[in-house]
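**Student:** Sharing a structure here in structure tokens format.
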Amino acid sequence: MTRTFPLRAVLAASLLAATAALANALDGVLEVRTAYVNVDHGVFKLHARVQYPENEDIRAALADGVTLMFDLEAVIARERRYWFDADVVSVTRRRELTYHAVSDRYLVRDSTGDSPQESYATLHEALQAIGTIDDWPVLVEPQLSPDARYRVSVRASVRRGRLPDTLRVLMFWTDSWHRTSEWYSWSLPV
């Protein structure tokens with residue numbers, strides 16, 4: 001006796017399996033390890049170290065053509081005593097990671113296209129490069145008032161970017177592959 005399955009059930013099972021694999025891929029450490037700001041000629045430059053999850057599921061998703069987006073958000077807010085803090089600056093640095101099967105390399109580029117694309121031999125090297133932020137200008141001194149106190153907050157996130165056509169057909173209505181770290185905050189010395 002041959003057993004047949006309706007096409008809808010097969011597609012639903014495939015979607016659930018693909019979604020579960022992608023959701024599990026983000027398991028692991030995602031945190032801002034360190035962050036600080038230094039001032040260079042009136043420009044406040046952010047330095048941060050972020051650890052992103054790294055596992056075989058991420059490697060497999062990249063090998064299947066999934067693009068990963070990595071965001072680093074920085075918010076500088078003026079602290080208020082009796083009201084909510086007022087955001088002075090809110091900026092995001094977005095980078096994307098893809099895998100190039102022909103060259104067997106991991107490719108990292110800024111979404112703005114301002115800097116050149118970088119190539120890495122291993123996923124570990126690529127994630128370390130994405131998690132290393134140096135001399136990112138986030139604020140200029142005239143934006144600050146000398147008699148106010150300010151708080152800097154930084155957080156990282158990773159999400160699924162573009163999908164290849166074969167996966168897009170199965171997953172066009174889901175966006176469950178997203179993870180964000182806790183805020184890393186400190187007072188800004190002015």
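So you can find residues: chains in the structure tokens are A, B, ... in the order shown, residues in each start at 1, and ligands are numbered from 1 in order.
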Could you give me the residues within region 43-188 of chain A that DSSP places in alpha helix (DSSP H), as a PyMOL selection string?
**Tutor:** chain A and resi 56-63+123-130+165-171
**Student:** What is the distance, in Å and to one decimal place, between CA of Ala61 (chain A) and CA of Arg93 (chain A)?
**Tutor:**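 These atoms are spaced 22.8 Å apart.
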**Student:** Using only C-alpha atoms, find the one residue out of A:Tyr150, A:Trp136, A:Trp177, A:Trp186 that sits nearest to Asp40 (chain A).
**Tutor:** A:Trp136
**Student:** Would you list the contacts of Gly131 (chain A) as a PDB file with C-alpha atoms, in the first residue's frame, taking every protein, DNA or RNA residue within 10 Å and counting only C-alpha atoms, but skipping same-chain residues closer than 3 positions in sequence?
**Tutor:**
```
ATOM      1  CA  GLU A  31      26.450  40.292  23.667  1.00  0.00           C
ATOM      2  CA  VAL A  32      28.364  43.538  23.657  1.00  0.00           C
ATOM      3  CA  ARG A  33      31.520  42.587  25.586  1.00  0.00           C
ATOM      4  CA  ALA A  48      33.143  48.158  20.736  1.00  0.00           C
ATOM      5  CA  ARG A  49      33.658  44.410  20.867  1.00  0.00           C
ATOM      6  CA  VAL A  50      30.648  42.224  20.177  1.00  0.00           C
ATOM      7  CA  GLN A  51      30.429  38.455  20.351  1.00  0.00           C
ATOM      8  CA  TYR A  52      28.012  36.911  17.862  1.00  0.00           C
ATOM      9  CA  PHE A  70      24.414  42.472  11.763  1.00  0.00           C
ATOM     10  CA  ASP A  71      23.393  45.786  13.344  1.00  0.00           C
ATOM     11  CA  LEU A  72      25.130  47.789  16.034  1.00  0.00           C
ATOM     12  CA  ARG A  95      26.910  44.979   8.021  1.00  0.00           C
ATOM     13  CA  GLU A 125      37.284  35.364  11.425  1.00  0.00           C
ATOM     14  CA  ALA A 126      34.300  36.994   9.703  1.00  0.00           C
ATOM     15  CA  LEU A 127      32.276  37.202  12.931  1.00  0.00           C
ATOM     16  CA  GLN A 128      35.259  38.631  14.791  1.00  0.00           C
ATOM     17  CA  ASP A 134      36.910  50.960  15.978  1.00  0.00           C
ATOM     18  CA  ALA A 156      23.893  44.400  18.806  1.00  0.00           C
TER      19      ALA A 156
END
```
**Student:** How many Å separate CA of Arg109 (chain A) from CA of Ile130 (chain A)?
**Tutor:** 9.1 Å
**Student:** So the first atom is CA of Leu107 (chain A) and the second is CA of His124 (chain A); what is the distance between them in Å, to one decimal place?
**Tutor:**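 Interatomic distance, CA of Leu107 (chain A) to CA of His124 (chain A): 12.1 Å.
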**Student:** Need the shell around Val154 (chain A): protein/DNA/RNA residues with any atom at most 12 Å away, counting only C-alpha atoms. Skip same-chain ones fewer than 5 positions apart. Format as a PyMOL selection string?
**Tutor:** chain A and resi 31-37+46-50+71-77+89-93+133+138+180-187
**Student:** Could the residues in this selection be saved with N, CA and C atoms as a compact mmCIF listing (two decimals), in the first residue's frame?
**Tutor:**
```txt
# COMPACT_ATOMS: atom_id res chain seq x y z
N GLU A 31 26.35 39.21 22.69
CA GLU A 31 26.45 40.29 23.67
C GLU A 31 27.54 41.29 23.30
N VAL A 32 27.34 42.51 23.77
CA VAL A 32 28.36 43.54 23.66
C VAL A 32 29.31 43.30 24.83
N ARG A 33 30.54 42.90 24.54
CA ARG A 33 31.52 42.59 25.59
C ARG A 33 32.10 43.86 26.20
N THR A 34 32.53 44.78 25.38
CA THR A 34 33.08 46.05 25.86
C THR A 34 32.71 47.14 24.87
N ALA A 35 32.64 48.35 25.39
CA ALA A 35 32.40 49.51 24.53
C ALA A 35 32.86 50.75 25.28
N TYR A 36 33.42 51.69 24.54
CA TYR A 36 33.82 52.97 25.11
C TYR A 36 33.89 54.00 23.99
N VAL A 37 33.94 55.27 24.40
CA VAL A 37 34.01 56.38 23.46
C VAL A 37 35.24 57.19 23.78
N LEU A 46 33.28 55.76 18.71
CA LEU A 46 32.90 54.56 19.46
C LEU A 46 33.82 53.40 19.12
N HIS A 47 34.22 52.67 20.14
CA HIS A 47 34.98 51.42 20.01
C HIS A 47 34.17 50.36 20.74
N ALA A 48 33.94 49.21 20.11
CA ALA A 48 33.14 48.16 20.74
C ALA A 48 33.63 46.79 20.30
N ARG A 49 33.39 45.82 21.17
CA ARG A 49 33.66 44.41 20.87
C ARG A 49 32.38 43.63 21.14
N VAL A 50 31.90 42.97 20.09
CA VAL A 50 30.65 42.22 20.18
C VAL A 50 30.93 40.76 19.87
N ASP A 71 23.57 44.37 13.02
CA ASP A 71 23.39 45.79 13.34
C ASP A 71 24.04 46.09 14.68
N LEU A 72 24.65 47.26 14.76
CA LEU A 72 25.13 47.79 16.03
C LEU A 72 24.47 49.15 16.20
N GLU A 73 23.64 49.28 17.23
CA GLU A 73 22.94 50.52 17.50
C GLU A 73 23.66 51.28 18.61
N ALA A 74 23.79 52.58 18.44
CA ALA A 74 24.36 53.44 19.48
C ALA A 74 23.41 54.60 19.71
N VAL A 75 23.08 54.82 20.97
CA VAL A 75 22.18 55.90 21.34
C VAL A 75 22.87 56.74 22.40
N ILE A 76 22.95 58.03 22.17
CA ILE A 76 23.46 58.97 23.17
C ILE A 76 22.27 59.79 23.62
N ALA A 77 21.98 59.73 24.91
CA ALA A 77 20.81 60.41 25.46
C ALA A 77 21.21 61.36 26.58
N VAL A 89 21.45 61.55 19.85
CA VAL A 89 21.87 60.87 18.62
C VAL A 89 21.46 59.41 18.71
N SER A 90 20.98 58.88 17.62
CA SER A 90 20.69 57.45 17.50
C SER A 90 21.18 57.01 16.12
N VAL A 91 22.22 56.18 16.09
CA VAL A 91 22.80 55.73 14.82
C VAL A 91 22.91 54.21 14.81
N THR A 92 22.90 53.66 13.61
CA THR A 92 23.03 52.21 13.43
C THR A 92 24.06 51.92 12.37
N ARG A 93 24.94 50.99 12.68
CA ARG A 93 25.91 50.50 11.70
C ARG A 93 25.47 49.11 11.29
N ILE A 133 34.47 47.00 16.29
CA ILE A 133 34.14 48.34 15.82
C ILE A 133 35.18 49.29 16.40
N VAL A 138 30.26 58.90 16.18
CA VAL A 138 28.84 58.85 16.53
C VAL A 138 28.28 60.19 16.99
N THR A 180 18.47 40.03 19.48
CA THR A 180 19.06 41.29 19.91
C THR A 180 19.68 41.11 21.29
N SER A 181 20.84 41.75 21.50
CA SER A 181 21.51 41.68 22.79
C SER A 181 20.89 42.66 23.78
N GLU A 182 21.33 42.59 25.00
CA GLU A 182 20.95 43.57 26.01
C GLU A 182 21.70 44.88 25.73
N TRP A 183 21.19 45.99 26.25
CA TRP A 183 21.89 47.26 26.12
C TRP A 183 23.12 47.28 27.00
N TYR A 184 24.21 47.81 26.50
CA TYR A 184 25.45 48.04 27.24
C TYR A 184 25.54 49.55 27.40
N SER A 185 25.43 50.05 28.63
CA SER A 185 25.32 51.49 28.85
C SER A 185 26.34 52.00 29.85
N TRP A 186 26.72 53.27 29.68
CA TRP A 186 27.60 53.93 30.61
C TRP A 186 27.42 55.45 30.48
N SER A 187 27.86 56.16 31.51
CA SER A 187 27.77 57.62 31.48
C SER A 187 28.90 58.19 30.64
```
**Student:** I need the residues of region 99-158 of chain A that end up classed as strand (DSSP E) by DSSP on the backbone, written out as a count of residues only.
**Tutor:** 29
**Student:** Restricting the calculation to only C-alpha atoms, which member of A:Gln143, A:Ser153, A:Asn55, A:Thr67 is positioned closest to Thr122 (chain A)?
**Tutor:**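 The closest residue to Thr122 (chain A) is A:Asn55.
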**Student:** Counting only C-alpha atoms, which residue out of A:Asp104, A:Asp87, A:Glu141, A:Asp57 sits closest to Tyr120 (chain A)?
**Tutor:**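 Counting only C-alpha atoms, the residue closest to Tyr120 (chain A) is A:Asp104.
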**Student:** Residues near Leu68 (chain A), anyone? I mean within 10 Å using only C-alpha atoms, not counting same-chain ones fewer than 3 positions away, as a count of residues only.
**Tutor:** 18
**Student:** Quick one: of A:Val140, A:Arg78, A:Gly42, A:Ala63, who's nearest to Ser103 (chain A), counting only C-alpha atoms?
**Tutor:**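 Going through A:Val140, A:Arg78, A:Gly42, A:Ala63 one by one, the smallest distance to Ser103 (chain A) is for A:Ala63.
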**Student:** Rank A:Phe84, A:Thr132, A:Thr112, A:Arg59 by their smallest atom-to-atom distance to His100 (chain A), using only C-alpha atoms, and report the top residue only.
**Tutor:**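 Smallest distance to His100 (chain A) is found for A:Arg59.
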